[in-house]
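Data file: model27.tsv. Format and content: TSV, C-alpha atoms.
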```tsv
chain	number	residue	atom	x	y	z
L	9	MET	CA	8.33	-1.22	-6.08
L	10	CYS	CA	5.42	1.14	-5.97
L	11	THR	CA	6.40	3.11	-9.05
L	12	TYR	CA	3.25	5.23	-9.18
L	13	LEU	CA	3.84	5.20	-12.94
L	14	THR	CA	0.34	5.23	-14.36
L	15	GLU	CA	-1.01	6.18	-17.76
L	16	LYS	CA	-4.74	6.60	-18.17
L	17	VAL	CA	-6.46	6.30	-21.54
L	18	SER	CA	-10.13	6.73	-22.34
L	19	VAL	CA	-11.31	3.78	-24.41
L	20	VAL	CA	-14.43	2.84	-26.30
L	21	GLY	CA	-15.45	-0.79	-26.47
L	22	SER	CA	-16.40	-3.77	-24.36
L	23	GLY	CA	-14.68	-6.25	-22.10
L	24	LYS	CA	-15.61	-9.44	-20.34
L	25	GLY	CA	-14.94	-9.61	-16.63
L	26	ALA	CA	-16.24	-11.41	-13.57
L	27	ASN	CA	-19.72	-9.99	-14.21
L	28	GLY	CA	-19.80	-10.91	-17.91
L	29	TRP	CA	-19.58	-8.44	-20.76
L	30	PHE	CA	-19.67	-4.75	-19.99
L	31	LYS	CA	-18.92	-1.46	-21.70
L	32	VAL	CA	-15.39	-0.21	-20.95
L	33	THR	CA	-14.77	3.53	-20.80
L	34	ASP	CA	-11.42	3.90	-19.04
L	35	SER	CA	-8.10	2.11	-18.94
L	36	SER	CA	-5.01	2.28	-16.75
L	37	VAL	CA	-1.52	1.15	-17.72
L	38	TYR	CA	1.00	0.84	-14.92
L	39	PHE	CA	4.09	-1.02	-13.74
L	40	ASP	CA	3.74	-2.33	-10.22
L	41	HIS	CA	3.23	-5.34	-8.01
L	42	PRO	CA	0.97	-7.95	-9.57
L	43	VAL	CA	-1.77	-9.58	-7.54
L	44	HIS	CA	-1.49	-12.96	-9.26
L	45	ALA	CA	1.34	-13.11	-11.82
L	46	PRO	CA	4.47	-14.77	-10.39
L	47	PHE	CA	6.77	-11.77	-10.81
L	48	GLY	CA	7.99	-9.06	-8.51
L	49	HIS	CA	6.51	-6.47	-10.85
L	50	SER	CA	4.42	-6.56	-13.97
L	51	LEU	CA	3.00	-4.36	-16.66
L	52	ASN	CA	-0.61	-4.07	-15.61
L	53	LEU	CA	-3.63	-3.20	-17.70
L	54	ASP	CA	-7.01	-2.39	-16.22
L	55	PHE	CA	-10.10	-1.83	-18.34
L	56	LEU	CA	-12.74	-0.13	-16.26
L	57	ASN	CA	-16.19	1.35	-16.18
L	58	PRO	CA	-16.29	3.63	-13.13
L	59	GLU	CA	-20.00	4.23	-13.58
L	60	LEU	CA	-20.73	0.55	-13.06
L	61	GLY	CA	-18.36	0.23	-10.09
L	62	PRO	CA	-14.98	-1.21	-9.06
L	63	SER	CA	-16.00	-4.80	-9.74
L	64	TYR	CA	-16.43	-4.05	-13.42
L	65	ARG	CA	-12.78	-4.48	-14.25
L	66	LEU	CA	-10.87	-6.51	-16.79
L	67	ALA	CA	-7.31	-6.91	-15.50
L	68	LEU	CA	-4.09	-8.17	-17.03
L	69	GLU	CA	-0.69	-8.54	-15.36
L	70	LEU	CA	1.96	-9.14	-18.02
L	71	ASN	CA	5.65	-9.85	-18.15
L	72	PRO	CA	7.09	-6.56	-19.52
L	73	ALA	CA	8.66	-8.16	-22.59
L	74	THR	CA	5.41	-9.85	-23.55
L	75	ALA	CA	3.48	-6.65	-22.90
L	76	ARG	CA	5.78	-4.85	-25.31
L	77	ALA	CA	5.28	-7.59	-27.92
L	78	LEU	CA	1.53	-7.27	-27.44
L	79	ALA	CA	1.66	-3.49	-27.88
L	80	HIS	CA	3.61	-3.90	-31.12
L	81	ALA	CA	1.18	-6.54	-32.32
L	82	ILE	CA	-1.77	-4.23	-31.68
L	83	LEU	CA	-0.10	-1.48	-33.68
L	84	ASP	CA	0.91	-3.90	-36.46
L	85	VAL	CA	-2.65	-5.14	-36.81
L	86	LEU	CA	-4.08	-1.63	-36.79
L	87	ASP	CA	-1.51	-0.51	-39.37
L	88	LYS	CA	-2.65	-3.29	-41.72
L	89	ILE	CA	-6.30	-2.31	-41.61
L	90	PRO	CA	-7.34	-0.54	-44.82
L	91	ALA	CA	-7.98	3.15	-44.47
L	92	ALA	CA	-11.68	2.62	-45.08
L	93	GLU	CA	-11.84	0.20	-42.19
L	94	GLN	CA	-10.00	2.64	-39.98
L	95	ASP	CA	-12.64	5.21	-40.82
L	96	LEU	CA	-15.37	2.66	-40.24
L	97	THR	CA	-13.87	1.78	-36.86
L	98	GLN	CA	-13.72	5.42	-35.92
L	99	SER	CA	-17.31	6.00	-37.00
L	100	ILE	CA	-18.48	3.00	-35.00
L	101	THR	CA	-16.63	4.07	-31.86
L	102	SER	CA	-17.78	7.65	-32.14
L	103	ASP	CA	-21.39	6.49	-32.51
L	104	SER	CA	-21.32	4.14	-29.53
F	17	MET	CA	-18.81	-28.25	22.98
F	18	THR	CA	-15.75	-29.03	25.04
F	19	PRO	CA	-14.01	-25.81	26.09
F	20	ILE	CA	-10.52	-25.48	24.65
F	21	HIS	CA	-7.95	-23.83	26.84
F	22	MET	CA	-5.92	-21.31	24.84
F	23	LYS	CA	-2.80	-19.37	25.56
F	24	ASP	CA	-2.24	-16.19	23.54
F	25	PRO	CA	-5.86	-15.91	22.34
F	26	LEU	CA	-6.75	-13.12	19.97
F	27	VAL	CA	-9.73	-11.76	18.14
F	28	ALA	CA	-9.73	-10.32	14.64
F	29	GLY	CA	-12.29	-8.98	12.23
F	30	THR	CA	-13.48	-6.11	10.07
F	31	ILE	CA	-15.04	-3.12	11.81
F	32	GLU	CA	-16.08	0.44	11.01
F	33	ILE	CA	-14.28	3.44	12.48
F	34	LYS	CA	-14.54	7.19	11.96
F	35	GLY	CA	-12.04	8.53	9.49
F	36	SER	CA	-11.30	11.86	7.85
F	37	GLY	CA	-14.25	14.23	7.88
F	38	GLY	CA	-16.18	11.92	10.19
F	39	ASP	CA	-16.64	9.42	7.36
F	40	SER	CA	-17.26	5.85	8.37
F	41	ILE	CA	-14.45	3.71	6.96
F	42	GLU	CA	-13.69	0.02	7.00
F	43	ALA	CA	-10.79	-1.25	9.11
F	44	TYR	CA	-9.33	-4.62	9.99
F	45	TYR	CA	-8.85	-4.94	13.73
F	46	ALA	CA	-6.91	-7.56	15.69
F	47	SER	CA	-6.32	-7.71	19.42
F	48	PRO	CA	-5.15	-10.05	22.13
F	49	THR	CA	-8.04	-10.98	24.41
F	50	GLY	CA	-6.13	-11.11	27.68
F	51	ASP	CA	-6.19	-8.64	30.53
F	52	GLY	CA	-4.03	-5.93	29.00
F	53	PRO	CA	-3.12	-3.13	29.14
F	54	TYR	CA	-2.23	-2.97	25.46
F	55	SER	CA	-0.29	-0.58	23.31
F	56	SER	CA	-1.34	-0.31	19.69
F	57	VAL	CA	0.00	-0.44	16.16
F	58	ILE	CA	-1.66	1.06	13.10
F	59	VAL	CA	-0.81	-0.84	9.91
F	60	ILE	CA	-0.82	1.15	6.67
F	61	HIS	CA	-1.47	-1.09	3.69
F	62	HIS	CA	0.54	-0.93	0.47
F	63	MET	CA	-0.79	0.29	-2.89
F	64	PRO	CA	-2.26	-3.13	-3.74
F	65	GLY	CA	-4.63	-2.41	-0.94
F	66	PHE	CA	-6.47	-3.86	2.01
F	67	ASP	CA	-5.46	-7.39	1.11
F	68	ASP	CA	-5.04	-10.76	2.80
F	69	ALA	CA	-1.29	-10.25	3.30
F	70	THR	CA	-1.78	-6.96	5.13
F	71	LYS	CA	-4.49	-8.44	7.32
F	72	GLU	CA	-2.07	-11.23	8.22
F	73	ILE	CA	0.49	-8.62	9.27
F	74	THR	CA	-2.20	-6.97	11.40
F	75	ARG	CA	-2.95	-10.27	13.12
F	76	ASN	CA	0.77	-10.81	13.69
F	77	PHE	CA	0.97	-7.64	15.77
F	78	ALA	CA	-1.95	-8.91	17.87
F	79	TYR	CA	-0.19	-12.24	18.31
F	80	HIS	CA	2.81	-10.31	19.61
F	81	GLY	CA	0.67	-8.49	22.17
F	82	TYR	CA	-0.38	-5.27	20.43
F	83	ARG	CA	-3.82	-4.05	19.52
F	84	SER	CA	-3.59	-3.49	15.81
F	85	ILE	CA	-5.75	-1.90	13.18
F	86	CYS	CA	-5.44	-1.46	9.42
F	87	PRO	CA	-7.73	1.22	7.99
F	88	ASN	CA	-8.95	0.54	4.46
F	89	LEU	CA	-7.68	3.68	2.75
F	90	TYR	CA	-9.81	2.82	-0.29
F	91	SER	CA	-13.08	2.57	1.66
F	92	ARG	CA	-14.60	5.54	-0.11
F	93	GLU	CA	-13.59	4.73	-3.68
F	94	ALA	CA	-14.65	1.11	-3.61
F	95	PRO	CA	-16.83	0.11	-0.67
F	96	GLY	CA	-17.23	-3.62	-0.48
F	97	ALA	CA	-15.11	-4.31	-3.57
F	98	ALA	CA	-12.43	-6.99	-3.74
F	99	PRO	CA	-9.05	-5.57	-2.63
F	100	ASP	CA	-7.51	-5.78	-6.10
F	101	ASP	CA	-10.48	-4.07	-7.76
F	102	ALA	CA	-10.48	-1.41	-5.04
F	103	ALA	CA	-6.76	-0.75	-5.53
F	104	ALA	CA	-7.21	-0.43	-9.29
F	105	THR	CA	-10.09	1.98	-8.81
F	106	ALA	CA	-8.20	4.09	-6.29
F	107	ARG	CA	-5.19	4.24	-8.60
F	108	ALA	CA	-7.35	5.30	-11.54
F	109	MET	CA	-8.87	8.03	-9.39
F	110	GLY	CA	-5.47	9.43	-8.44
F	111	GLY	CA	-4.71	7.56	-5.23
F	112	VAL	CA	-5.20	8.64	-1.65
F	113	PRO	CA	-4.85	12.38	-0.92
F	114	ASP	CA	-2.40	13.02	1.93
F	115	GLU	CA	-4.83	15.15	3.92
F	116	ARG	CA	-7.55	12.51	3.86
F	117	PHE	CA	-5.01	9.84	4.80
F	118	ILE	CA	-3.94	11.82	7.86
F	119	GLY	CA	-7.59	12.18	8.88
F	120	ASP	CA	-8.16	8.45	8.56
F	121	VAL	CA	-5.10	7.64	10.69
F	122	SER	CA	-6.14	10.24	13.23
F	123	GLY	CA	-9.48	8.44	13.48
F	124	ALA	CA	-7.69	5.14	14.02
F	125	VAL	CA	-5.54	6.71	16.76
F	126	ASP	CA	-8.64	8.06	18.52
F	127	PHE	CA	-10.33	4.68	18.27
F	128	LEU	CA	-7.33	2.82	19.74
F	129	ARG	CA	-6.76	5.30	22.56
F	130	SER	CA	-10.46	5.16	23.49
F	131	LEU	CA	-10.42	1.43	24.15
F	132	ASP	CA	-10.43	-0.01	27.65
F	133	ASP	CA	-7.01	-1.04	28.91
F	134	SER	CA	-5.23	1.07	26.30
F	135	THR	CA	-1.82	2.37	27.32
F	136	LYS	CA	-2.64	5.27	24.94
F	137	LYS	CA	0.64	4.54	23.17
F	138	VAL	CA	0.28	4.13	19.43
F	139	ALA	CA	2.79	3.25	16.73
F	140	VAL	CA	2.34	3.32	12.98
F	141	ILE	CA	3.94	1.01	10.40
F	142	GLY	CA	3.60	1.02	6.63
F	143	TYR	CA	4.96	-0.82	3.65
F	144	CYS	CA	5.78	0.53	0.16
F	145	SER	CA	3.48	3.54	-0.39
F	146	GLY	CA	2.43	2.93	3.21
F	147	GLY	CA	6.03	3.52	4.27
F	148	ARG	CA	5.84	7.07	3.00
F	149	GLN	CA	2.44	7.43	4.62
F	150	SER	CA	3.77	6.09	7.93
F	151	PHE	CA	6.40	8.84	7.92
F	152	LEU	CA	3.73	11.37	6.93
F	153	ALA	CA	1.49	10.27	9.81
F	154	ALA	CA	4.36	10.56	12.29
F	155	CYS	CA	5.08	14.10	11.04
F	156	SER	CA	1.42	15.10	11.26
F	157	LEU	CA	0.06	13.46	14.42
F	158	PRO	CA	1.32	12.94	17.98
F	159	LEU	CA	2.44	9.31	17.90
F	160	ASP	CA	4.81	7.22	20.01
F	161	ALA	CA	6.74	5.31	17.33
F	162	ALA	CA	6.81	5.03	13.56
F	163	ILE	CA	8.19	2.43	11.16
F	164	ASP	CA	8.85	3.12	7.50
F	165	CYS	CA	9.36	-0.01	5.42
F	166	TYR	CA	10.85	1.06	2.07
F	167	GLY	CA	8.60	4.04	1.50
F	168	ALA	CA	9.36	5.90	-1.74
F	169	TYR	CA	8.84	9.58	-2.52
F	170	VAL	CA	9.65	10.87	0.94
F	171	VAL	CA	12.71	12.56	-0.54
F	172	ALA	CA	12.30	12.32	-4.33
F	173	SER	CA	9.45	13.41	-6.56
F	174	PRO	CA	7.31	10.89	-8.45
F	175	PRO	CA	7.91	10.58	-12.19
F	176	GLU	CA	6.90	13.53	-14.33
F	177	GLY	CA	3.23	13.37	-15.17
F	178	ALA	CA	2.38	10.72	-12.57
F	179	PRO	CA	-1.31	11.18	-11.84
F	180	LEU	CA	-1.17	10.11	-8.21
F	181	LYS	CA	-1.53	12.76	-5.56
F	182	VAL	CA	1.82	12.29	-3.85
F	183	GLY	CA	4.92	14.40	-3.57
F	184	PRO	CA	8.09	14.56	-1.52
F	185	ILE	CA	7.55	15.29	2.17
F	186	LEU	CA	11.09	15.74	3.45
F	187	ASP	CA	10.17	19.28	4.55
F	188	LYS	CA	7.86	17.73	7.16
F	189	ALA	CA	10.76	15.95	8.91
F	190	LYS	CA	11.08	18.84	11.35
F	191	ASP	CA	7.64	17.88	12.70
F	192	LEU	CA	8.45	14.20	13.28
F	193	SER	CA	6.70	13.48	16.59
F	194	CYS	CA	8.32	10.19	17.60
F	195	PRO	CA	11.26	7.83	17.07
F	196	LEU	CA	11.44	6.42	13.54
F	197	LEU	CA	12.63	2.96	12.48
F	198	GLY	CA	13.48	2.72	8.78
F	199	LEU	CA	13.94	-0.64	7.05
F	200	PHE	CA	15.21	-0.57	3.48
F	201	GLY	CA	16.73	-2.75	0.77
F	202	GLU	CA	20.06	-1.79	-0.74
F	203	GLU	CA	18.85	-2.98	-4.15
F	204	ASP	CA	15.68	-0.89	-4.03
F	205	LYS	CA	15.14	1.87	-6.59
F	206	PHE	CA	12.02	3.28	-4.90
F	207	PRO	CA	13.52	4.57	-2.63
F	208	THR	CA	17.14	4.51	-3.74
F	209	PRO	CA	19.94	4.14	-1.17
F	210	GLU	CA	20.81	7.79	-1.93
F	211	GLU	CA	17.32	8.90	-0.95
F	212	VAL	CA	17.52	6.85	2.26
F	213	ALA	CA	20.88	8.49	3.02
F	214	GLU	CA	19.41	11.95	2.48
F	215	LEU	CA	16.52	11.24	4.83
F	216	ASP	CA	19.00	9.89	7.37
F	217	ARG	CA	21.14	13.06	7.11
F	218	THR	CA	18.13	15.33	7.40
F	219	LEU	CA	16.88	13.60	10.54
F	220	LYS	CA	20.38	13.71	12.06
F	221	ASP	CA	20.65	17.43	11.33
F	222	LEU	CA	17.27	17.99	12.97
F	223	GLY	CA	18.22	15.89	15.99
F	224	LYS	CA	15.31	13.50	15.39
F	225	GLU	CA	15.65	10.07	16.98
F	226	HIS	CA	15.80	7.43	14.28
F	227	GLU	CA	17.31	4.08	13.42
F	228	PHE	CA	17.83	2.98	9.80
F	229	HIS	CA	18.81	-0.44	8.51
F	230	SER	CA	19.48	-1.21	4.85
F	231	TYR	CA	19.80	-4.86	3.83
F	232	PRO	CA	22.23	-6.07	1.16
F	233	GLY	CA	20.71	-8.34	-1.46
F	234	ALA	CA	17.22	-7.07	-0.71
F	235	GLY	CA	15.10	-4.84	-2.90
F	236	HIS	CA	11.63	-3.45	-2.57
F	237	ALA	CA	8.99	-5.44	-0.66
F	238	PHE	CA	11.47	-7.84	0.93
F	239	PHE	CA	9.01	-8.43	3.79
F	240	ALA	CA	6.31	-9.85	1.49
F	241	PRO	CA	6.40	-13.67	1.81
F	242	ASN	CA	3.90	-14.13	-1.01
F	243	ARG	CA	6.03	-12.30	-3.59
F	244	PRO	CA	9.28	-13.11	-5.39
F	245	SER	CA	10.79	-10.03	-3.76
F	246	TYR	CA	10.77	-11.84	-0.38
F	247	ARG	CA	14.23	-12.03	1.21
F	248	VAL	CA	14.13	-14.30	4.21
F	249	GLU	CA	17.26	-13.01	5.99
F	250	ALA	CA	16.28	-9.36	5.63
F	251	ALA	CA	12.68	-10.05	6.61
F	252	ASN	CA	13.58	-12.10	9.68
F	253	ASP	CA	16.08	-9.53	10.88
F	254	GLY	CA	13.63	-6.74	10.07
F	255	TRP	CA	10.91	-8.33	12.21
F	256	GLN	CA	13.39	-8.63	15.09
F	257	LYS	CA	14.22	-4.94	14.70
F	258	ILE	CA	10.50	-4.13	14.73
F	259	TRP	CA	9.81	-6.08	17.93
F	260	ALA	CA	12.78	-4.49	19.70
F	261	PHE	CA	11.80	-1.00	18.54
F	262	LEU	CA	8.18	-1.38	19.65
F	263	SER	CA	9.20	-2.88	22.97
F	264	LYS	CA	11.46	0.11	23.61
F	265	ASN	CA	9.02	2.82	22.54
F	266	LEU	CA	5.52	1.57	23.42
```
The structure in this file should be written as structure tokens.
Amino acid sequence: MCTYLTEKVSVVGSGKGANGWFKVTDSSVYFDHPVHAPFGHSLNLDFLNPELGPSYRLALELNPATARALAHAILDVLDKIPAAEQDLTQSITSDS
Amino acid sequence: MTPIHMKDPLVAGTIEIKGSGGDSIEAYYASPTGDGPYSSVIVIHHMPGFDDATKEITRNFAYHGYRSICPNLYSREAPGAAPDDAAATARAMGGVPDERFIGDVSGAVDFLRSLDDSTKKVAVIGYCSGGRQSFLAACSLPLDAAIDCYGAYVVASPPEGAPLKVGPILDKAKDLSCPLLGLFGEEDKFPTPEEVAELDRTLKDLGKEHEFHSYPGAGHAFFAPNRPSYRVEAANDGWQKIWAFLSKNL
């Protein structure tokens, strides 16, 4: 299905794609046909830097259940970071 | 080199054509190389883009005796990028605006009708998001036949907050310029069987020539042989319906 369901989130950080490491500024989350994963549909994540061009993309196509587990794991890890580290993380990202 | 005698020869490759606003856009072109004359088919790619599978479909129309062209609707967002990267970029930028799409197809129509030995008859076919766009093209341009393969959001609205620039276009049905073949899966949710039925009713009420087939046991993208959604019986019958429809209308 072409669900058109797409969430866009600005991100601060780096990713490693076909061109090596690059700064990521944008991300897309959507549920649609995968290019490579052997499913009819997948939860897709793109990490992008539009300024560098379309080829600067880190892509994931995940089984929905595993994507959900991953999302929970991300939140669990972030929840366990001490408040000071959270602040540190925020100061680093805001400075970059 | 020893000459090889071929029956059914064809040529295929990537070219540039004029699209919306006079922009130069990429397109995949395939044509028989016999004496003609030839009618033409414009292939509208799905959201995953100007990919190998869509180019194979384009070549298949040439093998069956039609000049065929698939415009790269993402030419502007991602020139020269890999199809998957281009699709991701286009999605992140909000997708293809309807007006620009119509301009690109209009350019493809002009290109095909300008060729030597053209019958001037042009059909359009699209899959998934391209199914909606095929219907949109047939309601916006003078064409000779249109095929909508499971296009969503002709009748219904996209989900709340969806960033892509698409909306329902059922109100354009009154302007449908040519016969329409619709091929759908009964298990599909985009579009649902109810949406297909509503489009069918609307076209009947308007007296628009159309022919819809919905396949049991098939969902979205049942034509795609490289995806788990492939349904061989539906796809084989669907191709037969396509050849008969084009033969009748082109």
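Atom pair CA of Cys155 (chain F) / CA of Phe77 (chain F): separated by 22.6 Å.
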Using all atoms listed in the file, find each residue in region 10-97 of chain L having at least one atom no more than 7 Å away from region 92-108 of chain F; report its shortest atom-to-atom pair and that distance in Å (one decimal), rows by chain then rising number, as CSV.
```
residue,atom,partner,partner_atom,distance
L:Ser36,CA,F:Ala108,CA,6.5
L:Pro62,CA,F:Asp101,CA,5.5
L:Ser63,CA,F:Asp101,CA,5.9
L:Arg65,CA,F:Asp101,CA,6.9
```
Generate the output file for the selected residues, C-alpha atoms, as an mmCIF file, in the coordinates of the input.
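Done, and the output landed in again.cif:
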```cif
data_model
loop_
_atom_site.group_PDB
_atom_site.id
_atom_site.type_symbol
_atom_site.label_atom_id
_atom_site.label_comp_id
_atom_site.auth_asym_id
_atom_site.auth_seq_id
_atom_site.Cartn_x
_atom_site.Cartn_y
_atom_site.Cartn_z
ATOM 1 C CA SER L 36 -5.010 2.280 -16.750
ATOM 2 C CA PRO L 62 -14.980 -1.210 -9.060
ATOM 3 C CA SER L 63 -16.000 -4.800 -9.740
ATOM 4 C CA ARG L 65 -12.780 -4.480 -14.250
#
```
Nearest to Glu15 (chain L) by atom-to-atom distance, counting only C-alpha atoms, from L:Leu86, L:Ala45, L:Val32, L:Leu53: L:Leu53
Distance in Å - CA of Leu186 (chain F) versus CA of Lys16 (chain L): 28.3 Å
Rows by chain and residue number, region 166-195 of chain F within 10 Å of region 220-226 of chain F, shortest pair, all atoms listed in the file, as a Markdown table:
```
| residue | atom | partner | partner_atom | distance |
| --- | --- | --- | --- | --- |
| F:Ala189 | CA | F:Leu222 | CA | 7.9 |
| F:Lys190 | CA | F:Leu222 | CA | 6.5 |
| F:Asp191 | CA | F:Lys224 | CA | 9.2 |
| F:Leu192 | CA | F:Lys224 | CA | 7.2 |
| F:Ser193 | CA | F:Lys224 | CA | 8.7 |
| F:Cys194 | CA | F:Glu225 | CA | 7.4 |
| F:Pro195 | CA | F:Glu225 | CA | 4.9 |
```
Neighbour list for Gly167 (chain F) as a VMD selection string, cut-off 7 Å, all atoms listed in the file, skip fewer than 6 positions in-chain: chain F and resid 143 to 148 207
Residue contacts of Val182 (chain F) (10 Å, all atoms listed in the file) excluding same-chain residues fewer than 2 positions away, as a PyMOL selection string: (chain L and resi 12) or (chain F and resi 110-114+145+148-149+169-170+173-174+178-180+184-185)
Exercise answer, chain L residues close to chain F, 10 Å and only C-alpha atoms, as a PyMOL selection string: chain L and resi 9-16+34-38+40-49+52-58+61-67
Excluding Leu262 (chain F) and its own-chain neighbours fewer than 5 positions away, which residues fall within 10 Å of it when counting all atoms listed in the file? Please give them as a PDB file with C-alpha atoms, in the frame of the given file.
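Wrote selection-v4.pdb, looks like this:
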```pdb
ATOM      1  CA  SER F  55      -0.290  -0.580  23.310  1.00  0.00           C
ATOM      2  CA  SER F  56      -1.340  -0.310  19.690  1.00  0.00           C
ATOM      3  CA  VAL F  57       0.000  -0.440  16.160  1.00  0.00           C
ATOM      4  CA  TYR F  82      -0.380  -5.270  20.430  1.00  0.00           C
ATOM      5  CA  VAL F 138       0.280   4.130  19.430  1.00  0.00           C
ATOM      6  CA  ALA F 139       2.790   3.250  16.730  1.00  0.00           C
ATOM      7  CA  ASP F 160       4.810   7.220  20.010  1.00  0.00           C
ATOM      8  CA  ALA F 161       6.740   5.310  17.330  1.00  0.00           C
ATOM      9  CA  ALA F 162       6.810   5.030  13.560  1.00  0.00           C
ATOM     10  CA  ILE F 163       8.190   2.430  11.160  1.00  0.00           C
ATOM     11  CA  LEU F 197      12.630   2.960  12.480  1.00  0.00           C
ATOM     12  CA  LYS F 257      14.220  -4.940  14.700  1.00  0.00           C
TER      13      LYS F 257
END
```
Calculate, to one decimal in Å, the centre and edge lengths of the box along x, y and z of the file that holds all listed atoms of region 43-61 of chain F with 4 Å of margin on each side, and present them as lines of an AutoDock Vina configuration file.
```
center_x = -5.4
center_y = -5.0
center_z = 17.1
size_x = 18.8
size_y = 20.3
size_z = 34.8
```
Long-range neighbours of Phe238 (chain F) as a ChimeraX atom specification, 8 Å cut-off, all atoms listed in the file, 5 positions minimum in chain: /F:201,245-248,250-251
Pairwise distance for CA of Glu115 (chain F) and CA of Gly183 (chain F), rounded to one decimal in Å: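 Atom-to-atom, CA of Glu115 (chain F) to CA of Gly183 (chain F), that is 12.3 Å.
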